[in-house]
file input.txt (compact mmCIF, C-alpha atoms and all ligand atoms)
# COMPACT_ATOMS: atom_id res chain seq x y z
CA MET K 1 47.91 -29.61 -57.01
CA ALA K 2 44.98 -28.95 -54.69
CA LEU K 3 41.24 -29.32 -55.18
CA VAL K 4 39.36 -26.03 -54.76
CA ASN K 5 35.62 -25.78 -54.16
CA LYS K 6 35.20 -22.03 -54.50
CA ILE K 7 37.03 -18.73 -54.65
CA ILE K 8 35.32 -15.61 -53.33
CA PRO K 9 37.32 -12.68 -54.75
CA PHE K 10 36.16 -10.14 -52.17
CA SER K 11 35.09 -11.11 -48.66
CA CYS K 12 34.82 -8.91 -45.58
CA ILE K 13 33.89 -11.75 -43.17
CA ASP K 14 36.96 -13.97 -43.51
CA GLY K 15 39.47 -11.97 -41.51
CA PRO K 16 40.47 -8.31 -41.41
CA GLY K 17 39.81 -6.02 -44.36
CA ASN K 18 38.89 -7.02 -47.87
CA ARG K 19 40.20 -10.53 -48.56
CA THR K 20 40.08 -13.23 -51.20
CA ALA K 21 38.68 -16.37 -49.58
CA ILE K 22 39.67 -19.74 -51.03
CA PHE K 23 37.69 -22.81 -50.04
CA PHE K 24 39.43 -26.17 -50.44
CA GLN K 25 37.52 -29.39 -51.04
CA GLY K 26 37.72 -32.19 -48.46
CA CYS K 27 37.44 -32.21 -44.68
CA ASN K 28 38.56 -34.44 -41.81
CA PHE K 29 35.48 -33.54 -39.73
CA LYS K 30 31.86 -34.32 -40.52
CA CYS K 31 29.99 -31.67 -38.55
CA THR K 32 26.30 -32.22 -38.01
CA TYR K 33 25.52 -28.53 -38.54
CA CYS K 34 27.80 -27.96 -41.54
CA HIS K 35 25.99 -25.67 -43.98
CA ASN K 36 28.30 -26.64 -46.89
CA PRO K 37 28.27 -30.43 -46.42
CA GLU K 38 29.15 -30.90 -50.10
CA THR K 39 32.69 -29.72 -49.24
CA ILE K 40 33.32 -32.69 -46.91
CA ASN K 41 34.41 -35.38 -49.38
CA LYS K 42 36.18 -35.47 -52.67
CA CYS K 43 34.14 -36.81 -55.59
CA ILE K 44 34.41 -40.55 -56.19
CA ASN K 45 33.12 -40.28 -59.78
CA CYS K 46 30.05 -42.45 -59.19
CA LYS K 47 28.45 -40.43 -62.06
CA LYS K 48 24.99 -40.22 -60.44
CA CYS K 49 24.88 -36.44 -60.67
CA VAL K 50 25.57 -36.37 -64.42
CA LEU K 51 22.01 -37.53 -65.13
CA VAL K 52 20.33 -34.68 -63.24
CA CYS K 53 22.18 -31.78 -64.84
CA PRO K 54 19.59 -29.89 -66.95
CA VAL K 55 22.15 -28.20 -69.22
CA LYS K 56 24.68 -31.00 -69.80
CA ALA K 57 27.38 -29.18 -67.83
CA LEU K 58 28.63 -32.52 -66.50
CA GLU K 59 30.41 -34.97 -68.79
CA ILE K 60 32.21 -38.24 -68.28
CA LYS K 61 35.75 -38.42 -69.63
CA ASP K 62 38.07 -41.33 -68.85
CA GLU K 63 35.66 -42.49 -66.11
CA LYS K 64 35.84 -39.08 -64.42
CA VAL K 65 33.07 -36.50 -64.04
CA ILE K 66 34.12 -33.22 -65.62
CA TRP K 67 32.35 -29.96 -64.78
CA ASN K 68 31.95 -27.30 -67.45
CA GLU K 69 31.66 -24.04 -65.56
CA ASP K 70 30.66 -22.03 -68.64
CA LYS K 71 27.59 -24.21 -69.23
CA CYS K 72 26.62 -24.50 -65.54
CA VAL K 73 23.53 -22.53 -64.42
CA GLN K 74 24.25 -23.14 -60.71
CA CYS K 75 20.98 -24.98 -60.04
CA ASP K 76 22.77 -27.30 -57.54
CA ASN K 77 20.78 -30.36 -58.72
CA CYS K 78 24.09 -32.23 -58.75
CA ILE K 79 24.83 -31.41 -55.11
CA ARG K 80 21.34 -32.49 -54.03
CA GLU K 81 21.74 -35.76 -55.94
CA CYS K 82 25.12 -36.60 -54.40
CA SER K 83 24.88 -38.99 -51.45
CA HIS K 84 28.64 -38.80 -50.85
CA LEU K 85 28.71 -35.26 -49.33
CA SER K 86 30.55 -34.03 -52.39
CA THR K 87 30.16 -31.96 -55.53
CA PRO K 88 31.37 -32.19 -59.12
CA LYS K 89 31.83 -28.39 -59.13
CA THR K 90 35.47 -28.31 -58.10
CA LYS K 91 38.71 -27.45 -59.86
CA ASP K 92 42.27 -28.67 -59.46
CA PHE K 93 44.76 -25.83 -59.12
CA SER K 94 48.53 -25.72 -59.18
CA VAL K 95 50.17 -23.17 -56.88
CA ASP K 96 51.01 -21.00 -59.90
CA GLU K 97 47.45 -21.13 -61.28
CA LEU K 98 45.96 -20.08 -57.95
CA PHE K 99 48.65 -17.44 -57.44
CA ASN K 100 47.89 -15.92 -60.86
CA GLN K 101 44.19 -15.59 -59.97
CA ILE K 102 45.11 -13.88 -56.69
CA LYS K 103 47.57 -11.61 -58.50
CA GLU K 104 44.82 -10.29 -60.76
CA ILE K 105 42.76 -9.13 -57.76
CA SER K 106 45.71 -8.17 -55.56
CA PRO K 107 45.44 -4.37 -55.97
CA PHE K 108 42.00 -4.52 -54.35
CA ILE K 109 42.61 -6.82 -51.37
CA GLN K 110 44.48 -6.77 -48.08
CA GLY K 111 45.16 -10.47 -48.02
CA ILE K 112 43.95 -13.98 -48.62
CA THR K 113 42.20 -16.44 -46.31
CA VAL K 114 42.22 -20.16 -46.98
CA SER K 115 39.30 -22.17 -45.67
CA GLY K 116 37.32 -25.28 -46.54
CA GLY K 117 36.48 -28.05 -46.21
CA GLU K 118 39.70 -28.19 -44.20
CA CYS K 119 42.48 -26.29 -45.91
CA THR K 120 45.33 -27.54 -43.69
CA LEU K 121 44.98 -30.97 -45.30
CA ASN K 122 46.87 -29.25 -48.16
CA ALA K 123 49.68 -27.96 -45.91
CA ASP K 124 52.54 -28.27 -48.43
CA PHE K 125 50.47 -26.51 -51.10
CA LEU K 126 49.62 -23.69 -48.67
CA ILE K 127 53.27 -23.18 -47.71
CA GLU K 128 54.27 -22.75 -51.37
CA LEU K 129 51.26 -20.50 -52.11
CA PHE K 130 51.85 -18.29 -49.04
CA LYS K 131 55.55 -17.88 -49.91
CA LYS K 132 54.63 -16.50 -53.33
CA VAL K 133 51.70 -14.37 -52.12
CA LYS K 134 53.76 -12.77 -49.35
CA ASN K 135 57.04 -12.34 -51.23
CA GLU K 136 55.67 -11.27 -54.61
CA LEU K 137 52.42 -9.48 -53.67
CA GLY K 138 53.05 -8.40 -50.07
CA LEU K 139 49.64 -9.65 -48.91
CA THR K 140 48.78 -11.23 -45.56
CA CYS K 141 47.83 -14.92 -45.43
CA PHE K 142 45.26 -16.22 -42.95
CA VAL K 143 44.17 -19.82 -42.28
CA ASP K 144 40.63 -20.70 -41.23
CA THR K 145 40.80 -24.17 -39.67
CA ASN K 146 38.86 -26.74 -37.67
CA GLY K 147 42.11 -27.46 -35.80
CA GLY K 148 41.98 -31.14 -36.66
CA ILE K 149 45.64 -31.60 -37.59
CA ASP K 150 48.40 -31.08 -35.03
CA LEU K 151 49.84 -27.73 -36.10
CA SER K 152 52.91 -28.11 -33.89
CA GLU K 153 54.00 -30.71 -36.46
CA TYR K 154 53.56 -28.17 -39.30
CA LYS K 155 55.90 -25.46 -38.03
CA GLU K 156 56.71 -24.12 -41.50
CA LEU K 157 53.02 -23.53 -42.17
CA VAL K 158 52.51 -21.86 -38.79
CA ASP K 159 55.58 -19.64 -39.27
CA ILE K 160 54.53 -18.39 -42.70
CA THR K 161 50.84 -17.87 -41.77
CA ASP K 162 50.08 -14.40 -40.44
CA LYS K 163 47.15 -15.49 -38.28
CA PHE K 164 44.79 -18.42 -37.77
CA MET K 165 41.06 -18.50 -37.20
CA LEU K 166 40.23 -21.61 -35.19
CA ASP K 167 36.91 -23.34 -34.57
CA VAL K 168 36.36 -24.84 -31.15
CA LYS K 169 33.13 -26.75 -31.68
CA SER K 170 32.88 -28.06 -28.12
CA ILE K 171 35.09 -28.17 -25.03
CA ASP K 172 33.53 -31.49 -24.04
CA GLU K 173 35.15 -34.42 -25.81
CA ASP K 174 32.04 -36.60 -26.07
CA GLU K 175 30.01 -33.69 -27.42
CA HIS K 176 32.79 -32.85 -29.90
CA ILE K 177 32.69 -36.42 -31.14
CA LYS K 178 28.90 -36.24 -31.42
CA VAL K 179 29.08 -33.05 -33.51
CA THR K 180 32.18 -33.67 -35.63
CA GLY K 181 32.86 -37.41 -35.47
CA THR K 182 36.31 -36.61 -34.01
CA SER K 183 37.93 -36.04 -30.61
CA ASN K 184 38.79 -32.44 -29.64
CA ASP K 185 42.18 -33.28 -28.11
CA ILE K 186 44.18 -31.93 -31.08
CA VAL K 187 41.89 -28.90 -31.41
CA LEU K 188 42.55 -27.90 -27.79
CA LYS K 189 46.26 -28.58 -28.20
CA ASN K 190 46.23 -26.27 -31.25
CA LEU K 191 44.30 -23.63 -29.32
CA LYS K 192 47.04 -23.43 -26.69
CA TYR K 193 49.87 -23.77 -29.24
CA LEU K 194 48.56 -20.93 -31.44
CA LEU K 195 47.92 -18.70 -28.43
CA ASP K 196 51.44 -19.32 -27.10
CA ASN K 197 52.87 -18.43 -30.51
CA ASN K 198 50.70 -15.30 -30.90
CA LYS K 199 49.17 -16.71 -34.08
CA LEU K 200 45.46 -16.56 -33.28
CA TYR K 201 43.29 -13.86 -34.83
CA GLU K 202 39.98 -15.36 -33.76
CA VAL K 203 38.36 -18.39 -32.11
CA ARG K 204 34.86 -19.32 -33.24
CA THR K 205 32.14 -21.50 -31.75
CA VAL K 206 28.90 -22.45 -33.50
CA ILE K 207 26.06 -21.90 -31.03
CA ALA K 208 23.62 -24.68 -31.83
CA PRO K 209 20.60 -26.08 -29.97
CA ASN K 210 21.08 -29.29 -27.98
CA LEU K 211 24.73 -28.57 -27.16
CA ASP K 212 26.25 -27.40 -23.87
CA ASN K 213 27.11 -23.98 -25.30
CA GLU K 214 27.52 -22.39 -21.87
CA LYS K 215 30.21 -24.83 -20.84
CA THR K 216 32.14 -24.36 -24.09
CA VAL K 217 31.92 -20.56 -23.97
CA LEU K 218 32.96 -20.40 -20.31
CA GLU K 219 35.90 -22.77 -20.66
CA VAL K 220 37.17 -21.38 -23.97
CA SER K 221 36.91 -17.82 -22.61
CA LYS K 222 39.07 -18.83 -19.66
CA ILE K 223 41.73 -20.19 -22.01
CA ILE K 224 41.88 -17.33 -24.52
CA LYS K 225 41.26 -14.45 -22.05
CA ASP K 226 42.00 -11.22 -23.97
CA LYS K 227 44.59 -12.73 -26.29
CA CYS K 228 42.32 -12.93 -29.35
CA LYS K 229 38.74 -12.38 -30.48
CA TYR K 230 36.08 -14.93 -29.59
CA LYS K 231 33.22 -15.01 -32.09
CA PHE K 232 29.92 -16.90 -32.03
CA ASN K 233 28.25 -18.21 -35.17
CA ALA K 234 24.55 -18.84 -34.63
CA TYR K 235 23.28 -22.16 -36.03
CA ARG K 236 20.89 -21.86 -38.94
CA LYS K 237 19.32 -24.87 -40.62
CA TYR K 238 19.97 -23.69 -44.22
CA GLY K 239 22.12 -26.16 -46.12
CA VAL K 240 22.29 -28.52 -43.12
CA ARG K 241 21.65 -32.18 -43.92
CA LYS K 242 18.77 -34.13 -42.34
CA GLU K 243 20.76 -35.74 -39.50
CA GLY K 244 21.93 -32.27 -38.45
CA ILE K 245 18.41 -30.85 -38.43
CA ASP K 246 17.24 -33.91 -36.46
CA LEU K 247 19.87 -33.11 -33.81
CA HIS K 248 19.73 -29.31 -33.70
CA GLY K 249 16.19 -28.59 -34.87
CA GLU K 250 14.61 -26.10 -37.24
CA VAL K 251 15.30 -22.95 -35.25
CA GLY K 252 18.63 -21.43 -34.28
CA PRO K 253 19.43 -19.67 -30.99
CA SER K 254 17.60 -16.44 -30.17
CA GLU K 255 19.32 -13.09 -29.79
CA GLU K 256 18.68 -13.36 -26.04
CA GLU K 257 20.53 -16.70 -25.86
CA ILE K 258 23.46 -15.26 -27.78
CA ASN K 259 23.56 -12.20 -25.52
CA ASN K 260 23.51 -14.42 -22.42
CA LEU K 261 26.49 -16.33 -23.78
CA LYS K 262 28.28 -13.07 -24.58
CA SER K 263 27.99 -12.13 -20.90
CA LEU K 264 30.02 -15.26 -20.07
CA GLN K 265 32.92 -14.15 -22.28
CA LYS K 266 34.47 -12.15 -19.46
CA GLY K 267 37.79 -10.63 -20.48
CA CYS K 268 37.53 -11.70 -24.13
CA ILE K 269 37.61 -9.25 -27.00
S1 LIG S 1 24.79 -26.85 -60.61
FE1 LIG S 1 25.64 -26.78 -62.69
S2 LIG S 1 26.62 -28.77 -62.93
FE2 LIG S 1 25.27 -28.98 -61.17
S3 LIG S 1 23.34 -29.78 -62.03
FE3 LIG S 1 23.13 -27.54 -62.01
S4 LIG S 1 23.84 -26.84 -64.02
FE4 LIG S 1 24.54 -28.96 -63.75
S1 LIG S 2 29.72 -35.37 -57.14
FE1 LIG S 2 28.77 -37.02 -55.94
S2 LIG S 2 27.16 -37.85 -57.29
FE2 LIG S 2 28.56 -36.66 -58.59
S3 LIG S 2 30.01 -38.15 -59.35
FE3 LIG S 2 30.92 -37.23 -57.53
S4 LIG S 2 30.38 -38.58 -55.84
FE4 LIG S 2 29.02 -39.10 -57.57
call {"tool": "encode", "arguments": {"input": "input.txt", "output": "structure tokens", "more": "lines below"}}
Ligand code: SF4
Ligand code: SF4
result
Amino acid sequence: MALVNKIIPFSCIDGPGNRTAIFFQGCNFKCTYCHNPETINKCINCKKCVLVCPVKALEIKDEKVIWNEDKCVQCDNCIRECSHLSTPKTKDFSVDELFNQIKEISPFIQGITVSGGECTLNADFLIELFKKVKNELGLTCFVDTNGGIDLSEYKELVDITDKFMLDVKSIDEDEHIKVTGTSNDIVLKNLKYLLDNNKLYEVRTVIAPNLDNEKTVLEVSKIIKDKCKYKFNAYRKYGVRKEGIDLHGEVGPSEEEINNLKSLQKGCI
């Protein structure tokens, strides 16, 4: 079983073509600029959010908070109430249950992309899901990852995945720790490992104020050269928690700043 935060049946921004994007709950990073911070932790059933639901879509059964999707009006009061960077609006899926949902949409999509949270924390689940999706539906399977687990130790997952999309939040280790709470040593190891194995579709960096974006863009460009796309995501404050706004501010980078950084991506696609 795996805990899923959200399924977007049709997405054109999560890899090539029209794809179903599946967002898993739980992450091993705690990024300051995360705009879905409620995906970071799994619910600990503290029950605080139950009281703020205006339509009684949250119930307590056997000491667990149960979400009734049919009653929910998506007001997000529960997410705002949660001080644990979590949400009660998740669902446990077996591989077969998730596969059956994908199968229903399969005539209209080119593939699936798993994301998060951090989807690779469910590596065994993904391997079983990808086997079925590829063998029975003939769709491509992409992984969108923060690169926080050593993928060279998950060869079966790497082999069965068509392509990865990897975040490199910062090339500087201290800055990476400041932004994510974690060292970037495994991320950079994964960057080289996935490039060497021709498994990278795209590398992404969030361009946020008060970070050495130039250094990251320059150094990452040198590593990836023309072997895969290098995409920038401009920081926006929407959804970001207070500590993130305190660090990065109210305003994201200007178009001029982004264009200046693009000029440093020499040789990249
Ligand atoms: S988002 Fe849904 S579950 Fe959460 S408080 Fe609003 S109605 Fe209730
Ligand atoms: S979602 Fe948050 S507030 Fe609600 S029960 Fe879980 S941990 Fe508590």
call {"tool": "closest_residue", "arguments": {"input": "input.txt", "among": "K:Ala2, K:Ile171, K:Leu200, K:Ile40", "to": "K:Ser183", "atoms": "all atoms listed in the file"}}
result
K:Ile171
call {"tool": "residues_near_ligand", "arguments": {"input": "input.txt", "ligand": "ligand LIG 2 (chain S)", "cutoff": "8 Å", "atoms": "only C-alpha atoms and all ligand atoms", "output": "ChimeraX atom specification"}}
result
/K:42-50,64-65,78-79,81-89
call {"tool": "axis_aligned_box", "arguments": {"input": "input.txt", "around": "ligand LIG 1 (chain S)", "padding_each_side": "5 Å", "output": "lines of an AutoDock Vina configuration file"}}
result
center_x = 24.9
center_y = -28.3
center_z = -62.3
size_x = 13.5
size_y = 13.0
size_z = 13.4
call {"tool": "atom_distance", "arguments": {"input": "input.txt", "atom1": "atom CA of K:Ser106", "atom2": "atom CA of K:Gln25"}}
result
23.2 Å
call {"tool": "residues_near_ligand", "arguments": {"input": "input.txt", "ligand": "ligand LIG 1 (chain S)", "cutoff": "8 Å", "atoms": "all atoms listed in the file", "output": "list in words"}}
result
Cys49, Val50, Val52, Cys53, Pro54, Val55, Lys56, Ala57, Leu58, Trp67, Asn68, Glu69, Lys71, Cys72, Val73, Gln74, Cys75, Asp76, Asn77, Cys78, Ile79, Pro88 and Lys89 of chain K
call {"tool": "build_atoms", "arguments": {"input": "input.txt", "residues": "stretch 226-262 of chain K", "atoms": "N, CA and C atoms", "output": "mmCIF file, in the frame of the given file"}}
result
data_model
loop_
_atom_site.group_PDB
_atom_site.id
_atom_site.type_symbol
_atom_site.label_atom_id
_atom_site.label_comp_id
_atom_site.auth_asym_id
_atom_site.auth_seq_id
_atom_site.Cartn_x
_atom_site.Cartn_y
_atom_site.Cartn_z
ATOM 1 N N ASP K 226 42.096 -12.340 -23.016
ATOM 2 C CA ASP K 226 42.000 -11.220 -23.970
ATOM 3 C C ASP K 226 43.040 -11.342 -25.079
ATOM 4 N N LYS K 227 43.503 -12.573 -25.311
ATOM 5 C CA LYS K 227 44.590 -12.730 -26.290
ATOM 6 C C LYS K 227 44.120 -12.745 -27.740
ATOM 7 N N CYS K 228 42.832 -13.006 -27.975
ATOM 8 C CA CYS K 228 42.320 -12.930 -29.350
ATOM 9 C C CYS K 228 40.803 -12.746 -29.281
ATOM 10 N N LYS K 229 40.200 -12.531 -30.433
ATOM 11 C CA LYS K 229 38.740 -12.380 -30.480
ATOM 12 C C LYS K 229 38.085 -13.740 -30.250
ATOM 13 N N TYR K 230 36.882 -13.699 -29.703
ATOM 14 C CA TYR K 230 36.080 -14.930 -29.590
ATOM 15 C C TYR K 230 34.713 -14.616 -30.211
ATOM 16 N N LYS K 231 34.426 -15.322 -31.313
ATOM 17 C CA LYS K 231 33.220 -15.010 -32.090
ATOM 18 C C LYS K 231 32.241 -16.178 -32.041
ATOM 19 N N PHE K 232 30.948 -15.866 -31.959
ATOM 20 C CA PHE K 232 29.920 -16.900 -32.030
ATOM 21 C C PHE K 232 29.288 -16.900 -33.422
ATOM 22 N N ASN K 233 29.047 -18.079 -33.952
ATOM 23 C CA ASN K 233 28.250 -18.210 -35.170
ATOM 24 C C ASN K 233 26.962 -18.919 -34.794
ATOM 25 N N ALA K 234 25.846 -18.255 -35.000
ATOM 26 C CA ALA K 234 24.550 -18.840 -34.630
ATOM 27 C C ALA K 234 24.147 -19.902 -35.652
ATOM 28 N N TYR K 235 23.768 -21.073 -35.158
ATOM 29 C CA TYR K 235 23.280 -22.160 -36.030
ATOM 30 C C TYR K 235 22.068 -21.712 -36.827
ATOM 31 N N ARG K 236 22.074 -22.007 -38.095
ATOM 32 C CA ARG K 236 20.890 -21.860 -38.940
ATOM 33 C C ARG K 236 20.754 -23.151 -39.723
ATOM 34 N N LYS K 237 19.519 -23.542 -40.014
ATOM 35 C CA LYS K 237 19.320 -24.870 -40.620
ATOM 36 C C LYS K 237 19.631 -24.910 -42.120
ATOM 37 N N TYR K 238 19.822 -23.737 -42.766
ATOM 38 C CA TYR K 238 19.970 -23.690 -44.220
ATOM 39 C C TYR K 238 21.221 -24.445 -44.691
ATOM 40 N N GLY K 239 21.014 -25.375 -45.587
ATOM 41 C CA GLY K 239 22.120 -26.160 -46.120
ATOM 42 C C GLY K 239 22.464 -27.371 -45.277
ATOM 43 N N VAL K 240 21.946 -27.423 -44.045
ATOM 44 C CA VAL K 240 22.290 -28.520 -43.120
ATOM 45 C C VAL K 240 21.568 -29.793 -43.553
ATOM 46 N N ARG K 241 22.283 -30.936 -43.491
ATOM 47 C CA ARG K 241 21.650 -32.180 -43.920
ATOM 48 C C ARG K 241 20.706 -32.700 -42.825
ATOM 49 N N LYS K 242 19.879 -33.709 -43.200
ATOM 50 C CA LYS K 242 18.770 -34.130 -42.340
ATOM 51 C C LYS K 242 19.230 -34.536 -40.928
ATOM 52 N N GLU K 243 20.329 -35.280 -40.829
ATOM 53 C CA GLU K 243 20.760 -35.740 -39.500
ATOM 54 C C GLU K 243 21.119 -34.550 -38.602
ATOM 55 N N GLY K 244 21.601 -33.478 -39.218
ATOM 56 C CA GLY K 244 21.930 -32.270 -38.450
ATOM 57 C C GLY K 244 20.672 -31.581 -37.967
ATOM 58 N N ILE K 245 19.669 -31.498 -38.836
ATOM 59 C CA ILE K 245 18.410 -30.850 -38.430
ATOM 60 C C ILE K 245 17.714 -31.701 -37.369
ATOM 61 N N ASP K 246 17.817 -33.032 -37.494
ATOM 62 C CA ASP K 246 17.240 -33.910 -36.460
ATOM 63 C C ASP K 246 17.871 -33.626 -35.100
ATOM 64 N N LEU K 247 19.165 -33.338 -35.079
ATOM 65 C CA LEU K 247 19.870 -33.110 -33.810
ATOM 66 C C LEU K 247 19.655 -31.693 -33.280
ATOM 67 N N HIS K 248 19.732 -30.701 -34.173
ATOM 68 C CA HIS K 248 19.730 -29.310 -33.700
ATOM 69 C C HIS K 248 18.406 -28.594 -33.906
ATOM 70 N N GLY K 249 17.515 -29.176 -34.692
ATOM 71 C CA GLY K 249 16.190 -28.590 -34.870
ATOM 72 C C GLY K 249 16.110 -27.611 -36.023
ATOM 73 N N GLU K 250 14.915 -27.004 -36.116
ATOM 74 C CA GLU K 250 14.610 -26.100 -37.240
ATOM 75 C C GLU K 250 15.000 -24.666 -36.931
ATOM 76 N N VAL K 251 15.125 -24.355 -35.641
ATOM 77 C CA VAL K 251 15.300 -22.950 -35.250
ATOM 78 C C VAL K 251 16.629 -22.763 -34.523
ATOM 79 N N GLY K 252 17.343 -21.732 -34.916
ATOM 80 C CA GLY K 252 18.630 -21.430 -34.280
ATOM 81 C C GLY K 252 18.443 -20.699 -32.968
ATOM 82 N N PRO K 253 19.531 -20.358 -32.285
ATOM 83 C CA PRO K 253 19.430 -19.670 -30.990
ATOM 84 C C PRO K 253 18.875 -18.253 -31.161
ATOM 85 N N SER K 254 18.169 -17.794 -30.119
ATOM 86 C CA SER K 254 17.600 -16.440 -30.170
ATOM 87 C C SER K 254 18.700 -15.424 -29.843
ATOM 88 N N GLU K 255 18.377 -14.164 -30.106
ATOM 89 C CA GLU K 255 19.320 -13.090 -29.790
ATOM 90 C C GLU K 255 19.590 -13.058 -28.288
ATOM 91 N N GLU K 256 18.535 -13.355 -27.505
ATOM 92 C CA GLU K 256 18.680 -13.360 -26.040
ATOM 93 C C GLU K 256 19.686 -14.427 -25.604
ATOM 94 N N GLU K 257 19.571 -15.628 -26.209
ATOM 95 C CA GLU K 257 20.530 -16.700 -25.860
ATOM 96 C C GLU K 257 21.957 -16.293 -26.209
ATOM 97 N N ILE K 258 22.124 -15.686 -27.373
ATOM 98 C CA ILE K 258 23.460 -15.260 -27.780
ATOM 99 C C ILE K 258 23.987 -14.198 -26.815
ATOM 100 N N ASN K 259 23.118 -13.251 -26.440
ATOM 101 C CA ASN K 259 23.560 -12.200 -25.520
ATOM 102 C C ASN K 259 23.928 -12.771 -24.156
ATOM 103 N N ASN K 260 23.164 -13.781 -23.702
ATOM 104 C CA ASN K 260 23.510 -14.420 -22.420
ATOM 105 C C ASN K 260 24.889 -15.058 -22.489
ATOM 106 N N LEU K 261 25.169 -15.694 -23.623
ATOM 107 C CA LEU K 261 26.490 -16.330 -23.780
ATOM 108 C C LEU K 261 27.591 -15.274 -23.857
ATOM 109 N N LYS K 262 27.274 -14.154 -24.496
ATOM 110 C CA LYS K 262 28.280 -13.070 -24.580
ATOM 111 C C LYS K 262 28.668 -12.600 -23.178
#
